[in-house]
Amino acid sequence: MRNKNVTVSIEEAQEIILDSVTPLSCESISIMEASNRVLYEDIVSDMMVPPADDSAMDGYAVIADNTHGASKTNPVRLHVIGEVQAGGSIVGKRVSKGSAIRIMTGAAIPEGADSVIQFEDTEETAGYVNIFRETTKYENYRFAGENIKKGDSVLHKGDRLSSADVGILASLNYNTVKVYKQPTVSIISTGNELADIGEEIQIGQIRNVNAYTLYSEVKKYNALPDYLGIAKDTLKDTKEMFLKALKSDVVISTGGVSMGRYDFVKEIYSDLNIEIQFAWVNVKPGRPWAFGKKGNKLIFGLPGNPVSTLTSFIQFVRPALLRLMGATRIKKPIINAVLEEDITKQSGKVHLLRGFFTIKNNEFHVSTTGNQNSSVLRSMSDANCLIVIPENTTEVRAGERVAIQLIDHDEIE
Ligand code: AMP
Ligand code: MG
């Protein structure tokens, strides 16, 4: 049995959390609501897209061989025997030696033709068209099934649907699609010092920030946030708030998980039969923690400092929400970047520094965004990545390479 009070590594914490996740069930929704939702079914095409060979240009459907030798000064002259519009096809007419059919982008290629020459390279007068250059076979020619073939497995269970994916569903005639349900997420702030937006602020008080950053993150990942309010630092208030929150699939609280005299979150976990899984993570910011579960419910007691809250959300809550929604890809990309300043730190913990990366001469470069105190949200607001400095590293020099996590990038694996 694991000692629940030892400090776990970032990777161990992630593993413990993911092991606790049971993905939700599914629902059928309109594809118009499906963007960013996670697919519950494999999508296998039962049709060809496009259904027939069609034209990629406005121009004339011709036989490529018949344009042989055509030039501006010596055009080939073809008889225009008809026209086919986008969405149309032409029956009873066939392109043959000496003839052409006027064709619009997206129209089916008429019988006999094997190439389309665009209007720009032609001139039509009195039923005849002059072709000013040679075309090759299958120029501007889109093949049936070029996009998707019948039987192709195009989208997969666990994919988070992009706009292009929604377009694929539309092209395959899906009106609705099966996706994983969205977890409901209760958000709690704890702390006597917190004043909510609009409340008068007394000396010693600060604004409640975490509820809003978390609300925004939960929405970003397409789960369903519900902000319950601020719990005072009393056992009674904290417990009542958690009781209310436990109606949701996920609870996220902030503050009250440290060693302070009025940090009650861990205490009420045992009161409420929430099994604590780990209480400390070997990372800065974001060391004090209270991750627990109760049945299938996940309870994240995050540290209170606004930056610790956000970095903890990104490392631990985000992947859990994505897995609850069945997503296959849950990792933010990590790449190497050239550090633009010297960094020193103490040994013992992994540090996640707020950084801004740029690309110079095809290489990633990164610098920190200023004050790294975990209460300074401004340097998080200025950041587009987290610089990962390993546990036992005490110094990295400008010009050396560091790992950076691209927090604004979609999950890639
Ligand atoms: P705690 O672990 O409860 O002592 O909180 C750690 C630090 O985070 C304290 O300085 C708190 O004032 C601050 N903090 C806690 N909750 C919030 C919040 N919701 N918004 C902004 N700061 C907070
Ligand atoms: Mg507190």
# chains A, B, ... in the order shown; residues from 1 in each chain; ligands from 1
$ residues_around --residues "Ser55 of chain A" --least-positions-apart "6" --cutoff "8 Å" --atoms "only C-alpha atoms" --output "number ranges by chain"
A: 103-109, 116, 140-142
$ write_last_selection --atoms "N, CA, C and O atoms" --output "PDB file, in the first residue's frame"
ATOM      1  N   ILE A 103     -16.896  23.997 -68.535  1.00  0.00           N
ATOM      2  CA  ILE A 103     -17.137  23.316 -67.251  1.00  0.00           C
ATOM      3  C   ILE A 103     -16.802  24.239 -66.072  1.00  0.00           C
ATOM      4  O   ILE A 103     -15.870  25.046 -66.161  1.00  0.00           O
ATOM      5  N   MET A 104     -17.601  24.150 -65.003  1.00  0.00           N
ATOM      6  CA  MET A 104     -17.355  24.965 -63.802  1.00  0.00           C
ATOM      7  C   MET A 104     -16.748  24.084 -62.707  1.00  0.00           C
ATOM      8  O   MET A 104     -16.964  22.862 -62.693  1.00  0.00           O
ATOM      9  N   THR A 105     -16.021  24.731 -61.798  1.00  0.00           N
ATOM     10  CA  THR A 105     -15.397  23.999 -60.694  1.00  0.00           C
ATOM     11  C   THR A 105     -16.439  23.158 -59.961  1.00  0.00           C
ATOM     12  O   THR A 105     -17.500  23.660 -59.616  1.00  0.00           O
ATOM     13  N   GLY A 106     -16.109  21.903 -59.741  1.00  0.00           N
ATOM     14  CA  GLY A 106     -17.004  21.031 -58.978  1.00  0.00           C
ATOM     15  C   GLY A 106     -17.974  20.244 -59.835  1.00  0.00           C
ATOM     16  O   GLY A 106     -18.631  19.340 -59.349  1.00  0.00           O
ATOM     17  N   ALA A 107     -18.037  20.569 -61.133  1.00  0.00           N
ATOM     18  CA  ALA A 107     -18.948  19.804 -61.995  1.00  0.00           C
ATOM     19  C   ALA A 107     -18.288  18.486 -62.386  1.00  0.00           C
ATOM     20  O   ALA A 107     -17.060  18.388 -62.478  1.00  0.00           O
ATOM     21  N   ALA A 108     -19.128  17.474 -62.636  1.00  0.00           N
ATOM     22  CA  ALA A 108     -18.600  16.160 -63.018  1.00  0.00           C
ATOM     23  C   ALA A 108     -17.929  16.257 -64.385  1.00  0.00           C
ATOM     24  O   ALA A 108     -18.420  16.950 -65.283  1.00  0.00           O
ATOM     25  N   ILE A 109     -16.800  15.583 -64.533  1.00  0.00           N
ATOM     26  CA  ILE A 109     -16.082  15.591 -65.806  1.00  0.00           C
ATOM     27  C   ILE A 109     -16.924  14.841 -66.851  1.00  0.00           C
ATOM     28  O   ILE A 109     -17.329  13.702 -66.616  1.00  0.00           O
ATOM     29  N   VAL A 116      -8.799  19.416 -67.801  1.00  0.00           N
ATOM     30  CA  VAL A 116      -9.540  20.677 -67.811  1.00  0.00           C
ATOM     31  C   VAL A 116      -8.524  21.806 -67.972  1.00  0.00           C
ATOM     32  O   VAL A 116      -7.539  21.868 -67.236  1.00  0.00           O
ATOM     33  N   ASN A 140      -6.070  19.614 -63.474  1.00  0.00           N
ATOM     34  CA  ASN A 140      -7.289  20.177 -62.852  1.00  0.00           C
ATOM     35  C   ASN A 140      -8.417  19.149 -62.750  1.00  0.00           C
ATOM     36  O   ASN A 140      -9.591  19.487 -62.878  1.00  0.00           O
ATOM     37  N   TYR A 141      -8.040  17.938 -62.535  1.00  0.00           N
ATOM     38  CA  TYR A 141      -8.959  16.803 -62.546  1.00  0.00           C
ATOM     39  C   TYR A 141      -8.962  16.174 -61.161  1.00  0.00           C
ATOM     40  O   TYR A 141      -7.928  15.788 -60.658  1.00  0.00           O
ATOM     41  N   ARG A 142     -10.125  16.175 -60.491  1.00  0.00           N
ATOM     42  CA  ARG A 142     -10.208  15.544 -59.164  1.00  0.00           C
ATOM     43  C   ARG A 142     -10.869  14.187 -59.296  1.00  0.00           C
ATOM     44  O   ARG A 142     -11.974  14.089 -59.848  1.00  0.00           O
TER      45      ARG A 142
END
$ residues_near_ligand --ligand "ligand 2" --cutoff "12 Å" --atoms "only C-alpha atoms and all ligand atoms" --output "ChimeraX atom specification"
/A:188-194,205-206,208,210,230-234,238,253-265,288,301-306
$ select_by_dssp --residues "segment 306-379 of chain A" --states "alpha helix (DSSP H)" --output "count of residues only"
16
$ residues_around --residues "Pro183 of chain A" --least-positions-apart "4" --cutoff "9 Å" --atoms "only C-alpha atoms" --output "NGL selection string"
:A and (24 or 222-225 or 248-250 or 321 or 324-325)
$ closest_residue --among "A:His156, A:Lys360, A:Arg287, A:Lys137" --to "ligand 1" --atoms "only C-alpha atoms and all ligand atoms"
A:Arg287
$ atom_distance --atom1 "atom CA of Pro50 of chain A" --atom2 "atom CA of Thr176 of chain A"
20.8 Å
$ closest_residue --among "A:Thr311, A:Asn5, A:Ser374, A:Asn362" --to "Ile276 of chain A" --atoms "only C-alpha atoms"
A:Asn5
$ closest_residue --among "A:Leu228, A:Leu339, A:Leu352, A:Leu406" --to "ligand 1" --atoms "only C-alpha atoms and all ligand atoms"
A:Leu228
$ residues_around --residues "Ser25 of chain A" --least-positions-apart "3" --cutoff "9 Å" --atoms "only C-alpha atoms" --output "list in words"
Tyr40, Val179, Tyr180, Lys181, Met325 and Gly326 of chain A
$ write_last_selection --atoms "all heavy atoms" --output "PDB file, in the first residue's frame"
ATOM      1  N   TYR A  40     -16.924   9.286 -29.840  1.00  0.00           N
ATOM      2  CA  TYR A  40     -17.140   8.025 -29.133  1.00  0.00           C
ATOM      3  C   TYR A  40     -17.143   6.847 -30.101  1.00  0.00           C
ATOM      4  O   TYR A  40     -17.123   5.706 -29.705  1.00  0.00           O
ATOM      5  CB  TYR A  40     -18.475   8.096 -28.373  1.00  0.00           C
ATOM      6  CG  TYR A  40     -18.692   6.966 -27.398  1.00  0.00           C
ATOM      7  CD1 TYR A  40     -18.144   7.025 -26.120  1.00  0.00           C
ATOM      8  CD2 TYR A  40     -19.433   5.841 -27.750  1.00  0.00           C
ATOM      9  CE1 TYR A  40     -18.332   5.992 -25.216  1.00  0.00           C
ATOM     10  CE2 TYR A  40     -19.628   4.803 -26.848  1.00  0.00           C
ATOM     11  CZ  TYR A  40     -19.073   4.890 -25.586  1.00  0.00           C
ATOM     12  OH  TYR A  40     -19.256   3.871 -24.682  1.00  0.00           O
ATOM     13  N   VAL A 179     -20.604  11.310 -29.149  1.00  0.00           N
ATOM     14  CA  VAL A 179     -19.425  11.838 -28.448  1.00  0.00           C
ATOM     15  C   VAL A 179     -19.507  11.445 -26.968  1.00  0.00           C
ATOM     16  O   VAL A 179     -20.573  11.097 -26.466  1.00  0.00           O
ATOM     17  CB  VAL A 179     -19.346  13.388 -28.544  1.00  0.00           C
ATOM     18  CG1 VAL A 179     -19.067  13.826 -29.966  1.00  0.00           C
ATOM     19  CG2 VAL A 179     -20.628  14.032 -28.017  1.00  0.00           C
ATOM     20  N   TYR A 180     -18.372  11.529 -26.274  1.00  0.00           N
ATOM     21  CA  TYR A 180     -18.370  11.312 -24.827  1.00  0.00           C
ATOM     22  C   TYR A 180     -19.112  12.453 -24.150  1.00  0.00           C
ATOM     23  O   TYR A 180     -19.056  13.603 -24.616  1.00  0.00           O
ATOM     24  CB  TYR A 180     -16.937  11.292 -24.289  1.00  0.00           C
ATOM     25  CG  TYR A 180     -16.212  10.009 -24.528  1.00  0.00           C
ATOM     26  CD1 TYR A 180     -15.473   9.830 -25.698  1.00  0.00           C
ATOM     27  CD2 TYR A 180     -16.249   8.972 -23.609  1.00  0.00           C
ATOM     28  CE1 TYR A 180     -14.784   8.651 -25.933  1.00  0.00           C
ATOM     29  CE2 TYR A 180     -15.563   7.791 -23.834  1.00  0.00           C
ATOM     30  CZ  TYR A 180     -14.841   7.635 -24.995  1.00  0.00           C
ATOM     31  OH  TYR A 180     -14.160   6.467 -25.227  1.00  0.00           O
ATOM     32  N   LYS A 181     -19.781  12.145 -23.050  1.00  0.00           N
ATOM     33  CA  LYS A 181     -20.411  13.197 -22.260  1.00  0.00           C
ATOM     34  C   LYS A 181     -19.351  14.097 -21.657  1.00  0.00           C
ATOM     35  O   LYS A 181     -18.198  13.701 -21.492  1.00  0.00           O
ATOM     36  CB  LYS A 181     -21.247  12.577 -21.150  1.00  0.00           C
ATOM     37  CG  LYS A 181     -22.563  12.031 -21.658  1.00  0.00           C
ATOM     38  CD  LYS A 181     -23.461  11.649 -20.512  1.00  0.00           C
ATOM     39  CE  LYS A 181     -24.823  11.243 -21.058  1.00  0.00           C
ATOM     40  NZ  LYS A 181     -25.521  10.343 -20.147  1.00  0.00           N
ATOM     41  N   MET A 325     -13.346  12.506 -20.740  1.00  0.00           N
ATOM     42  CA  MET A 325     -14.083  12.691 -21.990  1.00  0.00           C
ATOM     43  C   MET A 325     -13.575  11.769 -23.088  1.00  0.00           C
ATOM     44  O   MET A 325     -13.881  11.965 -24.253  1.00  0.00           O
ATOM     45  CB  MET A 325     -13.973  14.143 -22.438  1.00  0.00           C
ATOM     46  CG  MET A 325     -14.787  15.065 -21.562  1.00  0.00           C
ATOM     47  SD  MET A 325     -14.735  16.777 -22.126  1.00  0.00           S
ATOM     48  CE  MET A 325     -13.207  17.332 -21.409  1.00  0.00           C
ATOM     49  N   GLY A 326     -12.756  10.785 -22.694  1.00  0.00           N
ATOM     50  CA  GLY A 326     -12.344   9.754 -23.643  1.00  0.00           C
ATOM     51  C   GLY A 326     -11.227  10.124 -24.594  1.00  0.00           C
ATOM     52  O   GLY A 326     -10.901   9.353 -25.501  1.00  0.00           O
TER      53      GLY A 326
END
$ closest_residue --among "A:Val307, A:Val49, A:Val91, A:Val76" --to "Ile148 of chain A" --atoms "only C-alpha atoms"
A:Val49
$ closest_atom_pairs --of "segment 8-86 of chain A" --to "segment 329-336 of chain A" --cutoff "12 Å" --atoms "only C-alpha atoms" --output "tab-separated table"
residue	atom	partner	partner_atom	distance
A:Glu11	CA	A:Lys331	CA	11.9
A:Gln14	CA	A:Lys331	CA	10.8
A:Leu18	CA	A:Ile330	CA	10.4
A:Val38	CA	A:Arg329	CA	10.3
$ residues_around --residues "Glu395 of chain A" --least-positions-apart "5" --cutoff "12 Å" --atoms "only C-alpha atoms" --output "PDB file with N, CA and C atoms, in the first residue's frame"
ATOM      1  N   LEU A 339      18.031  28.697 -24.229  1.00  0.00           N
ATOM      2  CA  LEU A 339      17.733  29.605 -23.118  1.00  0.00           C
ATOM      3  C   LEU A 339      18.453  30.940 -23.352  1.00  0.00           C
ATOM      4  N   GLU A 341      18.828  33.414 -21.024  1.00  0.00           N
ATOM      5  CA  GLU A 341      19.339  34.051 -19.803  1.00  0.00           C
ATOM      6  C   GLU A 341      19.837  32.955 -18.873  1.00  0.00           C
ATOM      7  N   ASP A 342      20.634  33.322 -17.887  1.00  0.00           N
ATOM      8  CA  ASP A 342      21.094  32.326 -16.904  1.00  0.00           C
ATOM      9  C   ASP A 342      19.966  32.057 -15.914  1.00  0.00           C
ATOM     10  N   ILE A 343      19.822  30.800 -15.509  1.00  0.00           N
ATOM     11  CA  ILE A 343      18.831  30.458 -14.477  1.00  0.00           C
ATOM     12  C   ILE A 343      19.546  29.664 -13.386  1.00  0.00           C
ATOM     13  N   THR A 344      19.308  30.046 -12.141  1.00  0.00           N
ATOM     14  CA  THR A 344      19.804  29.221 -11.040  1.00  0.00           C
ATOM     15  C   THR A 344      18.610  28.834 -10.177  1.00  0.00           C
ATOM     16  N   LYS A 345      18.704  27.677  -9.556  1.00  0.00           N
ATOM     17  CA  LYS A 345      17.649  27.237  -8.649  1.00  0.00           C
ATOM     18  C   LYS A 345      18.237  26.275  -7.628  1.00  0.00           C
ATOM     19  N   GLN A 346      17.438  25.978  -6.595  1.00  0.00           N
ATOM     20  CA  GLN A 346      17.886  24.992  -5.627  1.00  0.00           C
ATOM     21  C   GLN A 346      17.597  23.595  -6.148  1.00  0.00           C
ATOM     22  N   SER A 347      18.407  22.667  -5.695  1.00  0.00           N
ATOM     23  CA  SER A 347      18.197  21.281  -6.057  1.00  0.00           C
ATOM     24  C   SER A 347      17.018  20.714  -5.257  1.00  0.00           C
ATOM     25  N   HIS A 351      11.354  22.527 -11.332  1.00  0.00           N
ATOM     26  CA  HIS A 351      10.771  23.868 -11.408  1.00  0.00           C
ATOM     27  C   HIS A 351      10.090  24.058 -12.757  1.00  0.00           C
ATOM     28  N   ILE A 389      12.761  22.748 -15.548  1.00  0.00           N
ATOM     29  CA  ILE A 389      14.134  22.573 -15.048  1.00  0.00           C
ATOM     30  C   ILE A 389      14.130  21.362 -14.104  1.00  0.00           C
ATOM     31  N   PRO A 390      14.923  20.325 -14.449  1.00  0.00           N
ATOM     32  CA  PRO A 390      14.873  19.078 -13.676  1.00  0.00           C
ATOM     33  C   PRO A 390      15.259  19.272 -12.206  1.00  0.00           C
ATOM     34  N   GLU A 400      22.422  27.483 -23.409  1.00  0.00           N
ATOM     35  CA  GLU A 400      22.158  26.041 -23.252  1.00  0.00           C
ATOM     36  C   GLU A 400      20.707  25.747 -23.614  1.00  0.00           C
ATOM     37  N   ARG A 401      20.431  24.450 -23.813  1.00  0.00           N
ATOM     38  CA  ARG A 401      19.078  24.061 -24.191  1.00  0.00           C
ATOM     39  C   ARG A 401      18.272  23.599 -22.977  1.00  0.00           C
ATOM     40  N   VAL A 402      17.009  24.006 -22.985  1.00  0.00           N
ATOM     41  CA  VAL A 402      16.100  23.581 -21.913  1.00  0.00           C
ATOM     42  C   VAL A 402      14.824  23.027 -22.554  1.00  0.00           C
TER      43      VAL A 402
END
$ select_by_dssp --residues "segment 91-279 of chain A" --states "strand (DSSP E or B)" --output "number ranges by chain"
A: 99-103, 108, 115-118, 122-125, 128-131, 141-142, 148, 153-155, 160, 176-180, 184-190, 194-195, 206-207, 224-231, 250-254, 275-279
$ closest_residue --among "A:Leu155, A:Arg397, A:Glu123, A:Asp65" --to "Gly167 of chain A" --atoms "only C-alpha atoms"
A:Leu155
$ closest_residue --among "A:Asp196, A:Asp165, A:Asp410, A:Glu340" --to "ligand 1" --atoms "only C-alpha atoms and all ligand atoms"
A:Asp196
